[in-house]
Amino acid sequence: MKDEPVAKSLLVKLDSIFVRKEPLGLVLIIAPWNYPVYLTLVPLVGALAAGNCVVLKPSELSKGTEKVLAEVLPQYLDQSCFAVVLGGPQETQQLLEHKFDYVFFTGNPRVGRIVMAAAAKHLTPVTLELGGKNPCYVDDDCDPQTVANRVAWFRYFNSGQTCVAPDYVLCSPDTQERLLPALQRAITRFYGEDPRSSPSLGRIISEKHFRRLRGLLGCGRVVIGGQSDESDRYIAPTVLVDVQETEPVMQEEIFGPILPIVNVRSLDEAIDFINRREKPLALYAFSNSNQVVTQMLDRTSSGIFGGNQGFIHLILPSLPLGGVGNSGMGRYRGKFSFDTFSHHRASLLSPSGLEKLSEFYYPPYTDSRQQLIGWALGSHSCTLL
Amino acid sequence: MPMKVESPGPRCPLPAGWTPFADTLRRLREAFGSGRTRPAEFRAEQLKGLGRFLRDNKQLLQEALWQDLHKSVFEAELSELIICQNEVDLALKNLHTWMKDEPVAKSLLVKLDSIFVRKEPLGLVLIIAPWNYPVYLTLVPLVGALAAGNCVVLKPSELSKGTEKVLAEVLPQYLDQSCFAVVLGGPQETQQLLEHKFDYVFFTGNPRVGRIVMAAAAKHLTPVTLELGGKNPCYVDDDCDPQTVANRVAWFRYFNSGQTCVAPDYVLCSPDTQERLLPALQRAITRFYGEDPRSSPSLGRIISEKHFRRLRGLLGCGRVVIGGQSDESDRYIAPTVLVDVQETEPVMQEEIFGPILPIVNVRSLDEAIDFINRREKPLALYAFSNSNQVVTQMLDRTSSGIFGGNQGFIHLILPSLPLGGVGNSGMGRYRGKFSFDTFSHHRASLLSPSGLEKLSEFYYPPYTDSRQQLIGWALGSHSCTLL
């Protein structure tokens with residue numbers, strides 16, 4: 001909250017110059033269903049710390065959490081400055097007709113556009129934490145089991161319903177051959193012979209999403225998993241091969257426990273493949289070679305990047321989390337959240353007297369005074385500016 | 001050569017979705033995709049080119065600014081050319097520092113990892129500039145966009161024709177034209193331009209058009225900075241030296257003939273203070289611009305006939321106590337002060353953007369603060385008082401893009417201060433490093449060694465109760481050595 005002082009030049013040495021952090025006013029947080037506690041409360045922390053009043057709109061799909069947030073959470077906060085609003089897309093649209101001083105939205109790009117368009121009517125700034133198809137490049141030079149362990153864990157965590165999960169793998173046919181049994185071993189190790197009975201595997205949020213995912217099981221060829229059960233909204237940890245770019249599983253963000261593998265013949269081809277598509281929220285590269293990882297980092301763009309690692313960024317409060325391009329705008333976590341929900345007001349306080357100094361730049365201007373001012377302001381006179 | 005837009009003839013069949021800019025934009029995108037703008041050396045060359053442009057064409061630019069706005073050489077230097085040159089120098093000096101990966105505090109759990117924020121260019125950025133500081137407000141954002149490694153499309157204002165010509169015809173010769181283009185035209189062409197996807201749009205102008213820009217950007221999920229405007233209040237306390245205050249208020253109000261987004265727009269003071277302020281304002285105006293301000297080389301002119309007529313209309317509000325003269329042939333409006341204005345009159349309803357200063361009476365600081373807070377958040381807010389407490393209260397109890405206590409908008413010459421609006425006056429900020437950050441993506445990056453699988457195994461399922469407890473303890477913030 002502290003005023004941040006700012007480097008001063010000689011011309012303004014007697015002034016007090018700083019950046020004042022101010023709350024914006026009334027902010028709206030629209031949260032999704034996949035991490036319904038995290039993605040509601042972490043932004044809320046920033047909004048409250050920055051001194052705003054907050055309206056929370058939790059997802060109606062995660063009904064259990066929605067209930068707790070709506071009925072229990074307000075009892076712990078000052079309800080004159082905080083409210084939970086419930087409803088579906090229609091209610092959210094109505095909410096967005098009102099003017100807010102900030103809108104923080106987590107969800108998919110399609111709705112992100114709608115939110116930003118609504119915000120534009122009121123000149124309301126926004127953070128949009130969206131999604132994308134997060135590529136996971138696996139180099140030939142790697143240990144397949146290590147890679148399979150990491151990719152599987154980060155893919156099937158929360159039954160794949162994670163905006164930063166690896167969405168698909170890019171690797172050569174050779175590496176695919178080594179990766180498949182390793183992935184099977186990882187899945188068996190994590191979830192047992194019968195993943196359906198594992199206490200560590202999640203379920204799909206809704207019937208609509210379950211049916212969507214079940215449809216994707218028809219793409220390419222199932223080599224691991226593929227089982228599903230509508231009564232339980234269960235989808236087995238699945239790996240698909242022989243997928244075409246035009247198939248649905250490669251056209252939309254999967255957001256489920258299905259991992260397609262797409263073959264490329266080289267790092268260059270992988271990079272081209274990635275760069276032809278929208279910028280994703282996360283991008284992963286697995287290789288024993290630092291050079292390969294670095295090339296992937298240098299020649300692509302994404303919200304976040306992981307080399308030989310998945311999205312452990314989420315537990316590090318000092319890392320800004322945010323998308324780029326189609327995967328979003330703005331960022332949060334820790335101080336970044338505070339700054340997101342604040343206005344940084346450039347402030348300058350002069351002593352009220354000392355008019356003689358100001359007189360320096362009042363007209364009318366003689367040639368010599370013009371030259372003097374020019375010299376004083378130029379950046380070569382580094383002691384003055 | 002810059003793209004001059006002309007309507008295609010009636011016999012010209014156009015492919016669907018074509019606009020006059022499609023080819024230029026595609027060319028720039030391909031250049032970005034080739035990676036040309038990424039190395040520091042390339043960016044430095046562009047910035048140096050920009051610096052040479054400013055130095056080589058100083059006179060040309062001064063003449064253009066005189067032609068467009070009757071800007072004196074002094075004003076041109078102070079508020080346009082020197083600032084741009086300083087911005088270029090600052091960017092050159094700091095380019096490597098700004099570009100560097102920023103390491104991030106690490107916990108024990110990730111001590112072996114390399115964790116940093118990588119700054120990346122966004123791609124193709126669009127800068128839409130206004131006419132009032134046509135060099136500054138085009139080139140200062142351009143410095144940031146180039147330093148950040150982007151390809152840039154510049155859309156200068158068609159109202160400031162002299163400057164537009166120099167920017168369109170001379171500037172590109174100093175930059176790599178495969179990565180930079182100037183596009184010309186009016187509102188219709190700008191709208192067409194905005195149908196295309198950009199990776200960032202930086203707009204300076206009024207709130208009405210700001211909404212249009214943001215709505216267009218929303219279709220492509222393009223982030224924006226909007227530097228807009230507002231009616232910037234200037235509170236003058238009873239406890240002040242009227243002449244000192246009048247000097248400062250007058251200078252900052254009539255600079256560039258009032259056509260400054262951060263100029264004091266109106267004064268709030270008590271009737272008593274108004275009585276002391278009026279003769280002081282007259283003295284300041286006479287001192288700065290002489291007995292006949294029209295013949296002063298230090299006073300600007302209104303940009304266009306349309307704006308001149310708009311401002312002349314405002315002269316009918318309240319009561320003219322100083323100035324009030326105007327001459328259409330010269331687009332001249334005298335430094336003017338109005339009193340007895342009503343809140344409902346046009347002069348208090350729109351951003352004035354001219355050399356007219358209305359005074360509105362309030363009876364107390366509280367009434368002034370209420371008056372201000374009932375209205376849209378302005379781009380700038382000023383408070384003049386001998387009492388620190390009064391200035392501090394004004395700062396604490398209002399909001400605005402920037403704030404000046406006993407001072408006008410000298411913030412503009414300080415590269416370390418972020419400039420940006422809030423609420424109706426805009427979003428985002430720039431200048432110096434803030435510009436670089438505006439035009440960059442900050443990519444949270446984490447590189448793990450490829451081996452060391454044993455450490456990862458810590459958190460793989462299946463989970464025993466004891467391991468769950470251990471993980472919970474390790475991640476909790478009380479275990480400050482670990483996280």
# chains A, B, ... in the order shown; residues from 1 in each chain; ligands from 1
$ interface_residues --of "chain B" --to "chain A" --cutoff "7 Å" --atoms "only C-alpha atoms" --output "PyMOL selection string"
chain B and resi 74+82+86+104-105+199+211+214-215+218-219+221-223+244+288-289+298+385-386+400-407+416-419+422-424+427+441+443-450+453+460-462
$ write_last_selection --atoms "N, CA and C atoms" --output "tab-separated table (two decimals), in the first residue's frame"
chain	number	residue	atom	x	y	z
B	74	PHE	N	9.97	27.31	-28.45
B	74	PHE	CA	10.17	26.89	-27.06
B	74	PHE	C	9.24	25.76	-26.69
B	82	ILE	N	12.37	17.64	-27.08
B	82	ILE	CA	13.32	17.21	-26.04
B	82	ILE	C	12.81	15.97	-25.33
B	86	ASN	N	14.82	12.52	-25.11
B	86	ASN	CA	15.15	11.93	-23.82
B	86	ASN	C	14.62	10.52	-23.70
B	104	VAL	N	13.42	-14.54	-10.08
B	104	VAL	CA	12.30	-14.44	-9.14
B	104	VAL	C	12.68	-15.18	-7.87
B	105	ALA	N	12.18	-14.70	-6.75
B	105	ALA	CA	12.49	-15.33	-5.46
B	105	ALA	C	12.11	-16.80	-5.49
B	199	ASP	N	-1.72	-7.14	-31.91
B	199	ASP	CA	-1.36	-7.77	-30.64
B	199	ASP	C	-1.39	-6.76	-29.50
B	211	ARG	N	-13.94	4.08	-26.28
B	211	ARG	CA	-14.88	2.97	-26.18
B	211	ARG	C	-14.92	2.18	-27.48
B	214	MET	N	-11.74	0.09	-27.80
B	214	MET	CA	-11.73	-1.08	-26.92
B	214	MET	C	-12.71	-2.14	-27.40
B	215	ALA	N	-13.86	-1.70	-27.88
B	215	ALA	CA	-14.85	-2.66	-28.39
B	215	ALA	C	-14.29	-3.40	-29.60
B	218	ALA	N	-11.76	-5.87	-28.44
B	218	ALA	CA	-12.35	-7.01	-27.74
B	218	ALA	C	-12.62	-8.17	-28.70
B	219	LYS	N	-12.94	-7.85	-29.94
B	219	LYS	CA	-13.25	-8.91	-30.91
B	219	LYS	C	-12.05	-9.82	-31.13
B	221	LEU	N	-9.56	-10.05	-28.75
B	221	LEU	CA	-8.90	-10.22	-27.45
B	221	LEU	C	-7.55	-9.50	-27.45
B	222	THR	N	-7.54	-8.29	-28.00
B	222	THR	CA	-6.34	-7.49	-28.04
B	222	THR	C	-6.29	-6.56	-26.84
B	223	PRO	N	-5.22	-6.62	-26.05
B	223	PRO	CA	-5.11	-5.70	-24.92
B	223	PRO	C	-4.87	-4.28	-25.40
B	244	THR	N	1.28	33.49	-7.01
B	244	THR	CA	2.01	32.25	-7.30
B	244	THR	C	1.08	31.25	-7.96
B	288	PHE	N	2.90	36.85	-19.36
B	288	PHE	CA	3.34	35.78	-20.26
B	288	PHE	C	3.15	36.16	-21.72
B	289	TYR	N	2.01	36.78	-22.02
B	289	TYR	CA	1.63	36.95	-23.43
B	289	TYR	C	1.54	38.40	-23.87
B	298	SER	N	4.37	33.23	-27.99
B	298	SER	CA	4.30	32.11	-27.05
B	298	SER	C	2.92	31.52	-26.93
B	385	SER	N	-2.45	24.95	-2.21
B	385	SER	CA	-2.67	25.41	-0.85
B	385	SER	C	-1.35	25.53	-0.13
B	386	ASN	N	-1.27	26.49	0.79
B	386	ASN	CA	-0.09	26.57	1.64
B	386	ASN	C	-0.12	25.46	2.68
B	400	SER	N	-7.56	10.19	-9.61
B	400	SER	CA	-7.33	10.75	-10.93
B	400	SER	C	-6.13	10.04	-11.52
B	401	GLY	N	-5.90	10.21	-12.81
B	401	GLY	CA	-4.73	9.61	-13.44
B	401	GLY	C	-3.48	10.02	-12.70
B	402	ILE	N	-3.25	11.38	-12.68
B	402	ILE	CA	-2.09	11.90	-11.95
B	402	ILE	C	-2.54	13.00	-11.01
B	403	PHE	N	-1.66	13.40	-10.10
B	403	PHE	CA	-2.01	14.43	-9.11
B	403	PHE	C	-0.86	15.42	-8.98
B	404	GLY	N	-1.23	16.69	-8.89
B	404	GLY	CA	-0.22	17.72	-8.66
B	404	GLY	C	-0.61	18.59	-7.50
B	405	GLY	N	0.28	18.70	-6.51
B	405	GLY	CA	0.03	19.58	-5.38
B	405	GLY	C	0.90	20.82	-5.55
B	406	ASN	N	0.25	21.98	-5.66
B	406	ASN	CA	0.98	23.24	-5.87
B	406	ASN	C	1.84	23.20	-7.12
B	407	GLN	N	1.43	22.41	-8.08
B	407	GLN	CA	2.21	22.29	-9.30
B	407	GLN	C	1.33	21.78	-10.41
B	416	SER	N	10.50	8.69	-15.00
B	416	SER	CA	10.31	7.62	-14.03
B	416	SER	C	8.88	7.56	-13.48
B	417	LEU	N	8.03	8.49	-13.92
B	417	LEU	CA	6.65	8.48	-13.44
B	417	LEU	C	5.74	7.84	-14.49
B	418	PRO	N	4.88	6.90	-14.05
B	418	PRO	CA	3.97	6.28	-15.01
B	418	PRO	C	2.84	7.25	-15.33
B	419	LEU	N	2.54	7.40	-16.62
B	419	LEU	CA	1.44	8.29	-17.00
B	419	LEU	C	0.27	7.47	-17.51
B	422	VAL	N	-7.47	6.73	-15.20
B	422	VAL	CA	-8.23	5.77	-14.40
B	422	VAL	C	-9.70	6.06	-14.67
B	423	GLY	N	-10.51	5.00	-14.66
B	423	GLY	CA	-11.92	5.19	-14.96
B	423	GLY	C	-12.11	5.76	-16.35
B	424	ASN	N	-12.90	6.83	-16.45
B	424	ASN	CA	-13.19	7.42	-17.75
B	424	ASN	C	-11.98	8.07	-18.41
B	427	MET	N	-6.96	3.70	-19.23
B	427	MET	CA	-6.43	2.49	-18.60
B	427	MET	C	-5.05	2.22	-19.17
B	441	HIS	N	5.11	-8.99	-23.27
B	441	HIS	CA	4.45	-10.01	-22.47
B	441	HIS	C	5.46	-10.50	-21.43
B	443	ARG	N	6.48	-13.38	-19.44
B	443	ARG	CA	6.23	-14.83	-19.48
B	443	ARG	C	6.90	-15.51	-18.30
B	444	ALA	N	6.10	-16.01	-17.38
B	444	ALA	CA	6.63	-16.71	-16.20
B	444	ALA	C	7.25	-18.02	-16.67
B	445	SER	N	8.55	-18.15	-16.47
B	445	SER	CA	9.27	-19.30	-17.02
B	445	SER	C	9.97	-20.09	-15.93
B	446	LEU	N	9.93	-21.40	-16.05
B	446	LEU	CA	10.53	-22.26	-15.04
B	446	LEU	C	11.25	-23.38	-15.77
B	447	LEU	N	12.56	-23.48	-15.55
B	447	LEU	CA	13.34	-24.52	-16.20
B	447	LEU	C	13.87	-25.46	-15.13
B	448	SER	N	13.44	-26.71	-15.21
B	448	SER	CA	13.94	-27.72	-14.28
B	448	SER	C	15.05	-28.50	-14.94
B	449	PRO	N	15.97	-29.00	-14.14
B	449	PRO	CA	16.95	-29.93	-14.71
B	449	PRO	C	16.17	-31.17	-15.18
B	450	SER	N	16.64	-31.82	-16.24
B	450	SER	CA	15.83	-32.89	-16.82
B	450	SER	C	15.82	-34.15	-15.97
B	453	GLU	N	14.50	-37.03	-10.88
B	453	GLU	CA	13.12	-37.46	-10.78
B	453	GLU	C	12.73	-37.75	-9.34
B	460	TYR	N	3.80	-37.34	-6.34
B	460	TYR	CA	2.96	-38.20	-7.17
B	460	TYR	C	2.02	-39.03	-6.31
B	461	PRO	N	0.81	-39.31	-6.83
B	461	PRO	CA	-0.08	-40.24	-6.12
B	461	PRO	C	0.46	-41.67	-6.28
B	462	PRO	N	-0.06	-42.68	-5.56
B	462	PRO	CA	-1.10	-42.53	-4.54
B	462	PRO	C	-0.56	-41.92	-3.25
$ select_by_dssp --residues "region 82-169 of chain A" --states "alpha helix (DSSP H)" --output "MDAnalysis selection string"
chainID A and resid 89:95 109:121 144:156
$ atom_distance --atom1 "CA of Leu124 (chain B)" --atom2 "CA of Glu169 (chain B)"
21.0 Å
$ residues_around --residues "region 36-53 of chain A" --least-positions-apart "4" --cutoff "7 Å" --atoms "only C-alpha atoms" --output "list of chain:residue names"
A:Pro23, A:Leu24, A:Gly25, A:Leu26, A:Val27, A:Ala31, A:Pro32, A:Pro58, A:Ser62, A:Thr65, A:Cys81, A:Phe82, A:Ser337, A:Phe338, A:Phe341, A:Ser342
$ select_by_dssp --residues "region 409-441 of chain B" --states "strand (DSSP E)" --output "number ranges by chain"
B: 426-427, 440-441
